[in-house]
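S.K.: Got a structure for you, questions after.
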Amino acid sequence: MYISANAVCVDFPIYSFTGNRSLKKNLISLATGGRVARDASDRVTIRALNNVCFELFPGDRVGLLGHNGSGKSTLLKVLAGIFEPTQGELEVSGRVCSMLSITTGLDYDSSGLENIYLRGILMGLSKTTIDSMVDDIVDFADLGDFINFPMRTYSSGMSMRLAFAIATSTNPDIILMDEWLSAGDSGFAEKANNRLSSMVERSNITVIASHNPDLIQAQCNRVITLEHGEITSNERVG
Amino acid sequence: MSSSRNALQIRESIKDLEKGLACFRIWHALAFQEIKQRYRRSVIGPFWITISTGIFVSTMGPLYSALFGRGSSDYLQHLAVSFILWNFISSAINESCNTFMSSEGYIKNFKLPMSLHVFRTLLRNVYILVHNLAIIFIVLAIFPPENFNTIWLVTFTSAVLLLNLFWISLILAVLCARYRDIAQIVSNLMTLLFFVTPVLWSVEMLGARGRFFTELNPLYHFIESVRAPLLGKPISELSLVVCLVSTIVLAAFAIILFGRARQRIPYWL
């Protein structure tokens, strides 16, 4: 189980951008976001990740630090296999669980129980696997009879509890997270924290993007700092 | 260098299609979910599809058979089959244009084969077609065709039709994700094609010249290849050849295009 990134670049093309040249030049000096550039066919692109190199091994708990627009989320999406690098090579070996948007794929007109199956199928699980997980998810979400009600009758906290319970129900090798996940009221949040911590402990590699230094100190043994899509520091901590 | 890159892209393209096909459970679940969502809380649910087609056929049938001066049993058979096939083909083509845009949430959050979304859109339209098949059964039960000798051919020609539609969907889905005007062009073209394709009328009503132009329209051959054997008529060799050749040509084009574009699709959304 490892992740290896070698000179990974990600360029987002901006097709709707037809501003004049001087405006393009001004954009290049912007304080946040990736570098604005022009590709071979003179289109405006944003380089969200530039020449990113690192290797992660089992046991690594990586905190991604950086300002807004520094490329943290883009890097997570690249690791999740959603964006393929425009240049460079990326190798990811192991079962990846991306917890970047845990509510995607939930249907608010279906019941909580139906949603467990729907989301499970989307995560690529077989029906028997989902069957074996359902009790654990239902118990943990602790929604009582509401589990059989359409999700549109849930409060936002209840929806998050269910989404959280589903997302944390597997045993992946690699976990990708954008900020530490939490859900529910204070009582539930503590339970959720324990469940997520134990999931992270069981995993081989975890990558968390966060703005919270305390969290990174508590959870991570490596910190990678990004700025304008480039790695400015990559160090072991703790 | 560039030829090996092309070969790699084609391999990746085929791999994605295989993986997409293997995820049958996912695209079935999503397609089914979408139909359920569309008719949520409706008492009759998706059978509204059947009812609205039924009303259309039973009203327009007698009217147009009088207008065209044709026997109503003949014409009703023709209309029911043609209209239902046309609806299937045109909505599969029209909806394929929005395939990747409407799947943006899934594409940007799950690592799924890109072709899965194309399969899903087509399957959703197949499910709608299945609801309409009831009308074809009813019409053919009331006005049976002269013979059922060629009915076995329908399975084969519908499979060819599905293949053709899949490749067209894949091509349009990719092109429309990158060039957003194409969806508009396609929907205008499909409206026009409804009138110039023999759906409401049939080729026999045309002279040689009109027939020549109709035969240039591949959609005519797609419909004819399923309609003729269903109604106990011989399929013209031309229609069969057009359907088979277009499957191969479209497949080749779609696989190459998809190979070149596949990785770029999430960036276009």
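Identifiers in the structure tokens: chain A, B, ... in order shown; residue index from 1 per chain; ligand index from 1 in order shown.
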Within 10 Å of Ser70 of chain A, counting only C-alpha atoms, which residues show up once you throw out same-chain ones fewer than 4 positions away? Write them as a PyMOL selection string, please.
M.R.: chain A and resi 32-35+48-49+65-66+74-75+225-231
S.K.: Between chain A and chain B, at 12 Å or less, what are the per-residue closest atom pairs and their distances in Å? Count only C-alpha atoms, order by chain and rising residue number, and return it as JSON lines.
M.R.:
```
{"residue": "A:Val10", "atom": "CA", "partner": "B:Tyr267", "partner_atom": "CA", "distance": 9.7}
{"residue": "A:Asp11", "atom": "CA", "partner": "B:Tyr267", "partner_atom": "CA", "distance": 8.6}
{"residue": "A:Phe12", "atom": "CA", "partner": "B:Tyr267", "partner_atom": "CA", "distance": 6.2}
{"residue": "A:Pro13", "atom": "CA", "partner": "B:Tyr267", "partner_atom": "CA", "distance": 7.1}
{"residue": "A:Ile14", "atom": "CA", "partner": "B:Trp268", "partner_atom": "CA", "distance": 8.7}
{"residue": "A:Tyr15", "atom": "CA", "partner": "B:Trp268", "partner_atom": "CA", "distance": 8.5}
{"residue": "A:Ser16", "atom": "CA", "partner": "B:Trp268", "partner_atom": "CA", "distance": 10.8}
{"residue": "A:Thr45", "atom": "CA", "partner": "B:Tyr267", "partner_atom": "CA", "distance": 10.8}
{"residue": "A:Ile46", "atom": "CA", "partner": "B:Tyr267", "partner_atom": "CA", "distance": 11.2}
{"residue": "A:Ala48", "atom": "CA", "partner": "B:Tyr267", "partner_atom": "CA", "distance": 11.7}
{"residue": "A:Ser73", "atom": "CA", "partner": "B:Lys108", "partner_atom": "CA", "distance": 11.6}
{"residue": "A:Thr74", "atom": "CA", "partner": "B:Lys108", "partner_atom": "CA", "distance": 10.7}
{"residue": "A:Leu76", "atom": "CA", "partner": "B:Asn109", "partner_atom": "CA", "distance": 10.7}
{"residue": "A:Lys77", "atom": "CA", "partner": "B:Lys108", "partner_atom": "CA", "distance": 7.9}
{"residue": "A:Val78", "atom": "CA", "partner": "B:Lys111", "partner_atom": "CA", "distance": 10.3}
{"residue": "A:Leu79", "atom": "CA", "partner": "B:Lys111", "partner_atom": "CA", "distance": 10.3}
{"residue": "A:Ala80", "atom": "CA", "partner": "B:Lys111", "partner_atom": "CA", "distance": 6.9}
{"residue": "A:Gly81", "atom": "CA", "partner": "B:Lys111", "partner_atom": "CA", "distance": 5.9}
{"residue": "A:Ile82", "atom": "CA", "partner": "B:Lys111", "partner_atom": "CA", "distance": 5.6}
{"residue": "A:Phe83", "atom": "CA", "partner": "B:Pro266", "partner_atom": "CA", "distance": 6.4}
{"residue": "A:Glu84", "atom": "CA", "partner": "B:Gln263", "partner_atom": "CA", "distance": 6.1}
{"residue": "A:Pro85", "atom": "CA", "partner": "B:Gln263", "partner_atom": "CA", "distance": 8.8}
{"residue": "A:Thr86", "atom": "CA", "partner": "B:Arg264", "partner_atom": "CA", "distance": 8.6}
{"residue": "A:Gln87", "atom": "CA", "partner": "B:Gln263", "partner_atom": "CA", "distance": 11.8}
{"residue": "A:Arg95", "atom": "CA", "partner": "B:Lys111", "partner_atom": "CA", "distance": 11.4}
{"residue": "A:Val96", "atom": "CA", "partner": "B:Lys111", "partner_atom": "CA", "distance": 9.5}
{"residue": "A:Cys97", "atom": "CA", "partner": "B:Phe110", "partner_atom": "CA", "distance": 9.4}
{"residue": "A:Ser98", "atom": "CA", "partner": "B:Phe110", "partner_atom": "CA", "distance": 7.8}
{"residue": "A:Met99", "atom": "CA", "partner": "B:Asn109", "partner_atom": "CA", "distance": 8.6}
{"residue": "A:Leu100", "atom": "CA", "partner": "B:Asn109", "partner_atom": "CA", "distance": 7.0}
{"residue": "A:Ser101", "atom": "CA", "partner": "B:Asn109", "partner_atom": "CA", "distance": 6.5}
{"residue": "A:Ile102", "atom": "CA", "partner": "B:Asn109", "partner_atom": "CA", "distance": 8.7}
{"residue": "A:Thr103", "atom": "CA", "partner": "B:Asn109", "partner_atom": "CA", "distance": 9.8}
{"residue": "A:Thr104", "atom": "CA", "partner": "B:Gly105", "partner_atom": "CA", "distance": 6.6}
{"residue": "A:Gly105", "atom": "CA", "partner": "B:Tyr106", "partner_atom": "CA", "distance": 6.9}
{"residue": "A:Leu106", "atom": "CA", "partner": "B:Tyr106", "partner_atom": "CA", "distance": 10.7}
{"residue": "A:Asp107", "atom": "CA", "partner": "B:Gln33", "partner_atom": "CA", "distance": 8.6}
{"residue": "A:Tyr108", "atom": "CA", "partner": "B:Gln37", "partner_atom": "CA", "distance": 9.7}
{"residue": "A:Asp109", "atom": "CA", "partner": "B:Gln37", "partner_atom": "CA", "distance": 7.3}
{"residue": "A:Ser110", "atom": "CA", "partner": "B:Gln37", "partner_atom": "CA", "distance": 8.7}
{"residue": "A:Glu114", "atom": "CA", "partner": "B:Gln33", "partner_atom": "CA", "distance": 10.4}
{"residue": "A:Asn115", "atom": "CA", "partner": "B:Gln33", "partner_atom": "CA", "distance": 10.7}
{"residue": "A:Tyr117", "atom": "CA", "partner": "B:Ala29", "partner_atom": "CA", "distance": 9.6}
{"residue": "A:Leu118", "atom": "CA", "partner": "B:Ala29", "partner_atom": "CA", "distance": 7.2}
{"residue": "A:Arg119", "atom": "CA", "partner": "B:Ile26", "partner_atom": "CA", "distance": 9.8}
{"residue": "A:Gly120", "atom": "CA", "partner": "B:Ile26", "partner_atom": "CA", "distance": 9.7}
{"residue": "A:Ile121", "atom": "CA", "partner": "B:Ile26", "partner_atom": "CA", "distance": 6.0}
{"residue": "A:Leu122", "atom": "CA", "partner": "B:Ile26", "partner_atom": "CA", "distance": 6.1}
{"residue": "A:Met123", "atom": "CA", "partner": "B:Phe110", "partner_atom": "CA", "distance": 7.5}
{"residue": "A:Gly124", "atom": "CA", "partner": "B:Ile26", "partner_atom": "CA", "distance": 7.7}
{"residue": "A:Leu125", "atom": "CA", "partner": "B:Ile26", "partner_atom": "CA", "distance": 9.7}
{"residue": "A:Ser126", "atom": "CA", "partner": "B:Arg25", "partner_atom": "CA", "distance": 8.8}
{"residue": "A:Lys127", "atom": "CA", "partner": "B:Arg25", "partner_atom": "CA", "distance": 9.5}
{"residue": "A:Pro150", "atom": "CA", "partner": "B:Arg40", "partner_atom": "CA", "distance": 11.4}
{"residue": "A:Leu176", "atom": "CA", "partner": "B:Asn109", "partner_atom": "CA", "distance": 11.5}
{"residue": "A:Met177", "atom": "CA", "partner": "B:Asn109", "partner_atom": "CA", "distance": 11.9}
```
S.K.: From the options B:Pro234, B:Phe258, B:Ile49, B:Leu162, which residue's atoms come nearest to Leu175 of chain B, counting only C-alpha atoms?
M.R.: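 For Leu175 of chain B, the nearest of the candidates is B:Phe258.
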S.K.: Do you have, as JSON lines, the list of residues of segment 125-180 of chain A lying at most 10 Å from segment 210-216 of chain A, each with its nearest atom pair and that distance in Å to one decimal, counting only C-alpha atoms and ordered by chain then number?
M.R.:
```
{"residue": "A:Met177", "atom": "CA", "partner": "A:Ser210", "partner_atom": "CA", "distance": 8.8}
{"residue": "A:Asp178", "atom": "CA", "partner": "A:Ser210", "partner_atom": "CA", "distance": 6.6}
{"residue": "A:Glu179", "atom": "CA", "partner": "A:Ser210", "partner_atom": "CA", "distance": 4.8}
{"residue": "A:Trp180", "atom": "CA", "partner": "A:Ser210", "partner_atom": "CA", "distance": 7.4}
```
S.K.: Using N, CA and C atoms, can you write the selected residues to a file as a JSON list (two decimals), in the first residue's frame?
M.R.:
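Output saved as part28.json:
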```json
[["chain", "number", "residue", "atom", "x", "y", "z"],
["A", 177, "MET", "N", -9.69, 12.86, 3.31],
["A", 177, "MET", "CA", -10.70, 13.66, 4.00],
["A", 177, "MET", "C", -10.43, 15.14, 3.82],
["A", 178, "ASP", "N", -11.47, 15.91, 3.61],
["A", 178, "ASP", "CA", -11.33, 17.36, 3.55],
["A", 178, "ASP", "C", -11.89, 17.88, 4.87],
["A", 179, "GLU", "N", -11.04, 18.25, 5.78],
["A", 179, "GLU", "CA", -11.39, 18.59, 7.16],
["A", 179, "GLU", "C", -11.93, 17.36, 7.89],
["A", 180, "TRP", "N", -11.65, 17.29, 9.17],
["A", 180, "TRP", "CA", -12.11, 16.18, 10.01],
["A", 180, "TRP", "C", -13.64, 16.18, 10.01]]
```
